[in-house]
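Colleague: final20.tsv is the file, holding TSV, C-alpha atoms:
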chain	number	residue	atom	x	y	z
A	996	MET	CA	-2.27	-2.02	-28.26
A	997	MET	CA	-3.63	-2.79	-24.78
A	998	THR	CA	-1.40	-5.86	-24.51
A	999	ASN	CA	1.70	-3.79	-25.30
A	1000	LEU	CA	0.54	-1.05	-22.95
A	1001	PHE	CA	0.12	-3.32	-19.93
A	1002	SER	CA	3.28	-5.28	-20.75
A	1003	ILE	CA	5.33	-2.58	-18.98
A	1004	PHE	CA	4.10	-4.07	-15.70
A	1005	ASP	CA	5.05	-7.67	-16.56
A	1006	PRO	CA	8.27	-9.28	-15.31
A	1007	SER	CA	10.62	-9.74	-18.25
A	1008	SER	CA	14.18	-10.26	-16.99
A	1009	SER	CA	15.09	-13.61	-15.46
A	1010	PHE	CA	18.06	-15.69	-14.35
A	1011	LEU	CA	17.88	-19.46	-13.88
A	1012	ASN	CA	14.09	-19.22	-14.29
A	1013	LEU	CA	13.91	-16.72	-11.42
A	1014	SER	CA	12.38	-13.31	-12.07
A	1015	LEU	CA	14.91	-10.59	-11.31
A	1016	ASN	CA	12.32	-7.82	-11.30
A	1017	TRP	CA	10.99	-8.83	-7.89
A	1018	ILE	CA	14.44	-8.24	-6.44
A	1019	SER	CA	13.61	-4.52	-6.43
A	1020	SER	CA	11.19	-5.23	-3.55
A	1021	MET	CA	14.09	-6.45	-1.40
A	1022	ILE	CA	16.69	-3.79	-2.18
A	1023	GLY	CA	15.42	-1.73	0.74
A	1024	LEU	CA	16.63	-4.37	3.17
A	1025	LEU	CA	20.20	-3.53	2.13
A	1026	MET	CA	19.65	0.13	3.07
A	1027	ILE	CA	18.38	-0.48	6.61
A	1028	PRO	CA	21.50	-1.71	8.51
A	1029	PRO	CA	23.67	1.42	7.93
A	1030	MET	CA	21.06	3.49	9.79
A	1031	PHE	CA	22.08	1.75	13.03
A	1032	TRP	CA	25.85	2.26	12.87
A	1033	LEU	CA	26.53	5.31	10.67
A	1034	ILE	CA	26.44	8.87	11.98
A	1035	PRO	CA	22.78	9.98	11.76
A	1036	SER	CA	22.17	12.22	8.79
A	1037	ARG	CA	19.31	14.57	8.03
A	1038	LEU	CA	17.64	11.78	6.09
A	1039	ASN	CA	17.82	9.50	9.13
A	1040	VAL	CA	16.40	12.22	11.38
A	1041	PHE	CA	13.58	12.86	8.91
A	1042	TRP	CA	12.77	9.15	8.71
A	1043	MET	CA	12.77	8.77	12.51
A	1044	ASN	CA	10.50	11.80	12.90
A	1045	MET	CA	8.10	10.38	10.32
A	1046	ASN	CA	8.07	7.03	12.13
A	1047	TYR	CA	7.33	8.82	15.40
A	1048	TYR	CA	4.45	10.70	13.77
A	1049	LEU	CA	3.06	7.44	12.39
A	1050	PHE	CA	3.44	5.83	15.80
A	1051	LYS	CA	1.29	8.54	17.37
A	1052	GLU	CA	-1.32	8.16	14.62
A	1053	PHE	CA	-1.56	4.39	14.94
A	1054	LYS	CA	-1.49	4.52	18.74
A	1055	ILE	CA	-4.69	6.58	18.74
A	1056	LEU	CA	-6.51	4.13	16.46
A	1057	LEU	CA	-5.34	0.89	18.09
A	1058	PRO	CA	-6.69	-0.30	21.46
A	1059	PRO	CA	-4.22	-0.41	24.40
A	1060	SER	CA	-4.14	-4.23	24.24
A	1061	ASN	CA	-2.50	-4.12	20.77
A	1062	LYS	CA	0.75	-2.51	21.86
A	1063	GLY	CA	3.00	-4.19	19.31
A	1064	SER	CA	0.72	-3.57	16.34
A	1065	THR	CA	2.05	-0.04	15.82
A	1066	LEU	CA	5.47	-1.41	14.86
A	1067	LEU	CA	3.82	-3.82	12.43
A	1068	MET	CA	1.81	-1.05	10.75
A	1069	ILE	CA	4.83	1.27	10.51
A	1070	SER	CA	6.81	-1.55	8.86
A	1071	LEU	CA	3.92	-2.15	6.47
A	1072	PHE	CA	3.81	1.54	5.58
A	1073	SER	CA	7.57	1.66	5.03
A	1074	MET	CA	7.59	-1.39	2.77
A	1075	ILE	CA	4.74	-0.16	0.56
A	1076	LEU	CA	6.21	3.35	0.40
A	1077	PHE	CA	9.60	2.02	-0.68
A	1078	ASN	CA	8.13	-0.18	-3.42
A	1079	ASN	CA	5.89	2.63	-4.67
A	1080	PHE	CA	8.86	4.96	-5.01
A	1081	MET	CA	11.03	2.32	-6.64
A	1082	GLY	CA	8.46	2.08	-9.43
A	1083	LEU	CA	8.95	5.77	-10.25
A	1084	PHE	CA	12.53	5.21	-11.44
A	1085	PRO	CA	13.01	4.30	-15.11
A	1086	TYR	CA	13.43	0.62	-15.99
A	1087	ILE	CA	12.62	-0.55	-12.45
A	1088	PHE	CA	9.84	-3.05	-11.91
A	1089	THR	CA	6.79	-1.69	-10.03
A	1090	SER	CA	5.95	-4.57	-7.72
A	1091	SER	CA	3.14	-2.71	-5.94
A	1092	SER	CA	1.18	-2.57	-9.21
A	1093	HIS	CA	0.60	-6.35	-9.09
A	1094	LEU	CA	-2.17	-8.04	-7.13
A	1095	ILE	CA	0.16	-10.88	-6.17
A	1096	PHE	CA	2.20	-8.37	-4.14
A	1097	THR	CA	-0.68	-6.40	-2.59
A	1098	LEU	CA	-2.73	-9.50	-1.79
A	1099	THR	CA	0.32	-11.04	-0.12
A	1100	LEU	CA	0.34	-8.07	2.24
A	1101	SER	CA	-3.38	-7.73	2.96
A	1102	LEU	CA	-4.77	-11.28	2.87
A	1103	PRO	CA	-2.53	-12.96	5.52
A	1104	MET	CA	-2.95	-10.03	7.92
A	1105	TRP	CA	-6.73	-10.03	7.47
A	1106	ILE	CA	-6.96	-13.81	7.96
A	1107	ALA	CA	-4.78	-13.59	11.09
A	1108	MET	CA	-6.96	-10.80	12.52
A	1109	MET	CA	-10.16	-12.75	11.80
A	1110	ILE	CA	-8.83	-15.94	13.42
A	1111	PHE	CA	-7.58	-14.03	16.46
A	1112	GLY	CA	-10.86	-12.10	16.80
A	1113	TRP	CA	-13.19	-15.09	16.46
A	1114	MET	CA	-11.13	-17.22	18.85
A	1115	ASN	CA	-10.71	-14.60	21.60
A	1116	TYR	CA	-13.58	-12.12	21.16
A	1117	THR	CA	-16.37	-14.22	19.69
A	1118	ASN	CA	-19.24	-12.24	21.22
A	1119	ASN	CA	-17.80	-8.92	20.08
A	1120	MET	CA	-17.28	-10.27	16.56
A	1121	PHE	CA	-20.93	-11.33	16.44
A	1122	SER	CA	-21.99	-7.90	17.68
A	1123	HIS	CA	-20.19	-6.28	14.74
A	1124	MET	CA	-22.49	-8.19	12.39
A	1125	ILE	CA	-25.56	-6.27	13.57
A	1126	PRO	CA	-25.20	-2.49	14.11
A	1127	GLN	CA	-26.85	-1.09	17.19
A	1128	GLY	CA	-30.47	-0.07	16.68
A	1129	THR	CA	-31.11	-2.34	13.68
A	1130	PRO	CA	-34.80	-3.43	13.41
A	1131	SER	CA	-35.41	-7.13	13.92
A	1132	ILE	CA	-36.77	-7.62	10.42
A	1133	LEU	CA	-33.55	-6.28	8.88
A	1134	MET	CA	-31.13	-8.28	11.03
A	1135	PRO	CA	-30.70	-11.23	8.59
A	1136	PHE	CA	-29.96	-8.81	5.74
A	1137	MET	CA	-27.51	-6.82	7.87
A	1138	VAL	CA	-25.65	-10.01	8.78
A	1139	CYS	CA	-25.27	-10.87	5.09
A	1140	ILE	CA	-24.16	-7.34	4.19
A	1141	GLU	CA	-21.64	-7.11	7.04
A	1142	THR	CA	-20.28	-10.57	6.25
A	1143	ILE	CA	-19.75	-9.69	2.59
A	1144	SER	CA	-18.19	-6.32	3.46
A	1145	SER	CA	-15.79	-8.07	5.82
A	1146	LEU	CA	-14.84	-10.74	3.28
A	1147	ILE	CA	-14.02	-8.25	0.52
A	1148	ARG	CA	-11.79	-6.05	2.69
A	1149	PRO	CA	-8.46	-7.60	1.66
A	1150	MET	CA	-9.47	-7.50	-2.00
A	1151	THR	CA	-10.50	-3.82	-1.83
A	1152	LEU	CA	-7.24	-2.93	-0.10
A	1153	SER	CA	-5.24	-4.72	-2.79
A	1154	ILE	CA	-7.18	-3.35	-5.76
A	1155	ARG	CA	-7.05	0.21	-4.41
A	1156	LEU	CA	-3.26	0.18	-4.18
A	1157	THR	CA	-2.77	-1.66	-7.48
A	1158	ALA	CA	-5.18	0.52	-9.47
A	1159	ASN	CA	-3.70	3.78	-8.21
A	1160	MET	CA	-0.16	2.70	-9.05
A	1161	ILE	CA	-1.15	1.44	-12.50
A	1162	ALA	CA	-3.19	4.52	-13.44
A	1163	GLY	CA	-0.35	7.03	-13.14
A	1164	HIS	CA	2.20	4.80	-14.88
A	1165	LEU	CA	-0.17	4.15	-17.78
A	1166	LEU	CA	-0.84	7.87	-18.17
A	1167	MET	CA	2.87	8.68	-18.28
A	1168	THR	CA	3.47	5.84	-20.76
A	1169	LEU	CA	0.69	7.05	-23.05
A	1170	LEU	CA	1.98	10.62	-23.02
A	1171	SER	CA	5.59	9.60	-23.61
A	1172	SER	CA	4.62	7.40	-26.58
A	1173	THR	CA	3.27	10.47	-28.40
A	1174	GLY	CA	6.58	12.35	-28.09
A	1175	PRO	CA	8.26	11.26	-31.38
A	1176	SER	CA	5.37	12.57	-33.47
A	1177	MET	CA	5.30	16.03	-31.83
A	1178	SER	CA	7.01	19.26	-32.69
A	1179	ILE	CA	9.70	20.83	-30.52
A	1180	MET	CA	7.26	23.21	-28.83
A	1181	PHE	CA	4.83	20.45	-27.90
A	1182	ILE	CA	7.68	18.25	-26.69
A	1183	PHE	CA	8.68	21.01	-24.27
A	1184	ILE	CA	5.09	21.16	-23.00
A	1185	LEU	CA	5.05	17.37	-22.74
A	1186	ILE	CA	8.18	17.41	-20.58
A	1187	ILE	CA	6.56	19.88	-18.20
A	1188	ILE	CA	3.43	17.71	-18.00
A	1189	GLN	CA	5.52	14.62	-17.35
A	1190	PHE	CA	7.40	16.43	-14.60
A	1191	LEU	CA	4.11	17.42	-12.97
A	1192	LEU	CA	2.90	13.83	-13.27
A	1193	ILE	CA	6.04	12.60	-11.52
A	1194	ILE	CA	5.29	14.96	-8.62
A	1195	LEU	CA	1.69	13.73	-8.57
A	1196	GLU	CA	2.80	10.10	-8.60
A	1197	SER	CA	5.19	10.78	-5.72
A	1198	ALA	CA	2.28	12.16	-3.71
A	1199	VAL	CA	0.11	9.18	-4.69
A	1200	ALA	CA	2.87	6.79	-3.56
A	1201	ILE	CA	2.90	8.38	-0.09
A	1202	ILE	CA	-0.88	8.70	0.20
A	1203	GLN	CA	-1.61	5.12	-0.88
A	1204	SER	CA	0.96	3.75	1.58
A	1205	TYR	CA	-0.66	5.76	4.35
A	1206	VAL	CA	-4.19	4.76	3.33
A	1207	PHE	CA	-3.29	1.07	3.16
A	1208	SER	CA	-1.71	1.03	6.61
A	1209	ILE	CA	-4.41	3.22	8.19
A	1210	LEU	CA	-7.23	1.03	6.86
A	1211	MET	CA	-5.47	-2.09	8.09
A	1212	THR	CA	-5.11	-0.39	11.48
A	1213	LEU	CA	-8.82	0.45	11.54
A	1214	TYR	CA	-9.73	-3.13	10.69
A	1215	SER	CA	-7.54	-4.45	13.49
A	1216	SER	CA	-8.96	-1.91	15.96
A	1217	GLU	CA	-12.42	-3.44	15.53
A	1218	ILE	CA	-11.16	-6.66	17.12
A	1219	LYS	CA	-11.39	-5.95	20.81
With the file now loaded, output its structure as structure tokens.
Modeller:
Amino acid sequence: MMTNLFSIFDPSSSFLNLSLNWISSMIGLLMIPPMFWLIPSRLNVFWMNMNYYLFKEFKILLPPSNKGSTLLMISLFSMILFNNFMGLFPYIFTSSSHLIFTLTLSLPMWIAMMIFGWMNYTNNMFSHMIPQGTPSILMPFMVCIETISSLIRPMTLSIRLTANMIAGHLLMTLLSSTGPSMSIMFIFILIIIQFLLIILESAVAIIQSYVFSILMTLYSSEIK
């Protein structure tokens, strides 16, 4: 039962030993170029306003020395948001529900930030290991705790996004599997519940994209 339940997240279609399901993560690249040469629509204006709002949010969190990081974080937010929404459509592979996708986003960025921080701001990176005002007897323990908390950051980012995307899809799958055995009245109630779950999942897709990019911004703001 559990194997069949989680199989909805597994890649199944392939061509020449290449998984076609991951192509859904790249479809968004085909939608970007028309925004630069077509007459701006309301959707384009909405997207530009949202990007401007995100720019102001990230600009507050990032130090002045990281001027180009806002564009990176906005791109990260847009990519995760697109993949989260693609998973809401029927028969489309949810790439953001796999650790291989989320770890690919978080781990390289975290490693790059750590290398940059330790090479350029070594003293500041050491100071983050021991919070201000820590008693001398607790300093070795605080170093171990801060080191572990720093090492697990990319994993926690990945698991948070993956778990939230899996949870809603599993709930909708479980509810829909009970439909054939229900009466007409309960099927009508089930449709309403599924509709409400779709709205909830849409909100979760936006929130998790924002949380992922904001946390990555906060981690990068500590390197200064």
Colleague: Env of Thr1142 in chain A: 12 Å cut, atoms = all atoms listed in the file, seq-sep filter 4 positions within chain, self excluded. Answer as a list of chain:residue names.
Modeller: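 Listed by chain and then number, they are A:Met1109, A:Met1120, A:Phe1121, A:Ser1122, A:His1123, A:Met1124, A:Ile1125, A:Pro1135, A:Phe1136, A:Met1137, A:Val1138, A:Leu1146, A:Ile1147, A:Arg1148.
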Colleague: Nearest to His1164 in chain A among A:Ile1218, A:Met1043, A:Ile1095, A:Leu1192, with distances taken over all atoms listed in the file: which residue is it?
Modeller: A:Leu1192
Colleague: Please provide the set of residues having any atom within 8 Å of Ser1215 in chain A, restricted to all atoms listed in the file, with same-chain residues fewer than 3 positions apart removed, written as an MDAnalysis selection string.
Modeller: chainID A and resid 1057 1108 1211:1212 1218
Colleague: What does the structure give for the distance between CA of Phe1207 in chain A and CA of Ile1087 in chain A, in Å to one decimal?
Modeller: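 Straight-line distance from CA of Phe1207 in chain A to CA of Ile1087 in chain A works out to 22.3 Å.
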Colleague: Give me the residues of range 1043-1099 of chain A that have any atom at most 12 Å from an atom of range 1165-1173 of chain A; for each, the nearest atom pair and the distance in Å, rounded to one decimal. Use all atoms listed in the file, sort by chain and number, and format it as CSV.
Modeller:
residue,atom,partner,partner_atom,distance
A:Leu1083,CA,A:Met1167,CA,10.5
A:Pro1085,CA,A:Thr1168,CA,11.2
A:Thr1089,CA,A:Leu1165,CA,11.9
A:Ser1092,CA,A:Leu1165,CA,11.0
Colleague: Report, in Å with one decimal, the straight-line distance from CA of Ser1091 in chain A to CA of Ile1110 in chain A.
Modeller: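 So the answer is 26.3 Å.
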Colleague: Quick one: pull the distance between CA of Phe1084 in chain A and CA of Ile1154 in chain A, Å, one decimal.
Modeller: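 Separation between CA of Phe1084 in chain A and CA of Ile1154 in chain A: 22.2 Å.
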Colleague: Taking all atoms listed in the file into account, which of A:Ile1186, A:Met1074, A:Leu1100, A:Leu1038 comes nearest Gly1174 in chain A?
Modeller: A:Ile1186
Colleague: Around (11.4, 11.2, -4.0) in the file's own coordinates, what residues are found within 12 Å if you use all atoms listed in the file, given back as a list in words?
Modeller: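 Here the neighbourhood of the point contains Leu1038, Leu1076, Phe1077, Asn1078, Asn1079, Phe1080, Met1081, Gly1082, Leu1083, Phe1084, Ile1193, Ile1194, Leu1195, Glu1196, Ser1197, Ala1198, Val1199, Ala1200 and Ile1201 of chain A.
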Colleague: Identify which of the residues A:Met1134, A:Ile1188, A:Phe1111, A:Leu1094 lies closest to Glu1217 in chain A, counting all atoms listed in the file when measuring atom-to-atom distances.
Modeller: A:Phe1111
Colleague: Between A:Ile1140, A:Ile1106, A:Tyr1116, A:Ser1204, which residue has the minimum interatomic distance to Leu1156 in chain A, considering all atoms listed in the file?
Modeller: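 Between A:Ile1140, A:Ile1106, A:Tyr1116, A:Ser1204, the residue approaching Leu1156 in chain A most closely is A:Ser1204.
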Colleague: Within 12 Å of (-7.9, 0.9, 1.5), all atoms listed in the file: residues as a compact mmCIF listing (two decimals) with C-alpha atoms, in the frame of the given file?
Modeller:
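Contents of part-v7.txt, freshly written:
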# COMPACT_ATOMS: atom_id res chain seq x y z
CA THR A 1097 -0.68 -6.40 -2.59
CA SER A 1101 -3.38 -7.73 2.96
CA ILE A 1147 -14.02 -8.25 0.52
CA ARG A 1148 -11.79 -6.05 2.69
CA PRO A 1149 -8.46 -7.60 1.66
CA MET A 1150 -9.47 -7.50 -2.00
CA THR A 1151 -10.50 -3.82 -1.83
CA LEU A 1152 -7.24 -2.93 -0.10
CA SER A 1153 -5.24 -4.72 -2.79
CA ILE A 1154 -7.18 -3.35 -5.76
CA ARG A 1155 -7.05 0.21 -4.41
CA LEU A 1156 -3.26 0.18 -4.18
CA THR A 1157 -2.77 -1.66 -7.48
CA ALA A 1158 -5.18 0.52 -9.47
CA ASN A 1159 -3.70 3.78 -8.21
CA ILE A 1202 -0.88 8.70 0.20
CA GLN A 1203 -1.61 5.12 -0.88
CA SER A 1204 0.96 3.75 1.58
CA TYR A 1205 -0.66 5.76 4.35
CA VAL A 1206 -4.19 4.76 3.33
CA PHE A 1207 -3.29 1.07 3.16
CA SER A 1208 -1.71 1.03 6.61
CA ILE A 1209 -4.41 3.22 8.19
CA LEU A 1210 -7.23 1.03 6.86
CA MET A 1211 -5.47 -2.09 8.09
CA THR A 1212 -5.11 -0.39 11.48
CA LEU A 1213 -8.82 0.45 11.54
CA TYR A 1214 -9.73 -3.13 10.69
Colleague: Pick the closest to Ser1020 in chain A from A:Ser1145, A:Ser1216, A:Thr1117, A:Ser1073: which is it, counting only C-alpha atoms?
Modeller: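 Smallest distance to Ser1020 in chain A is found for A:Ser1073.
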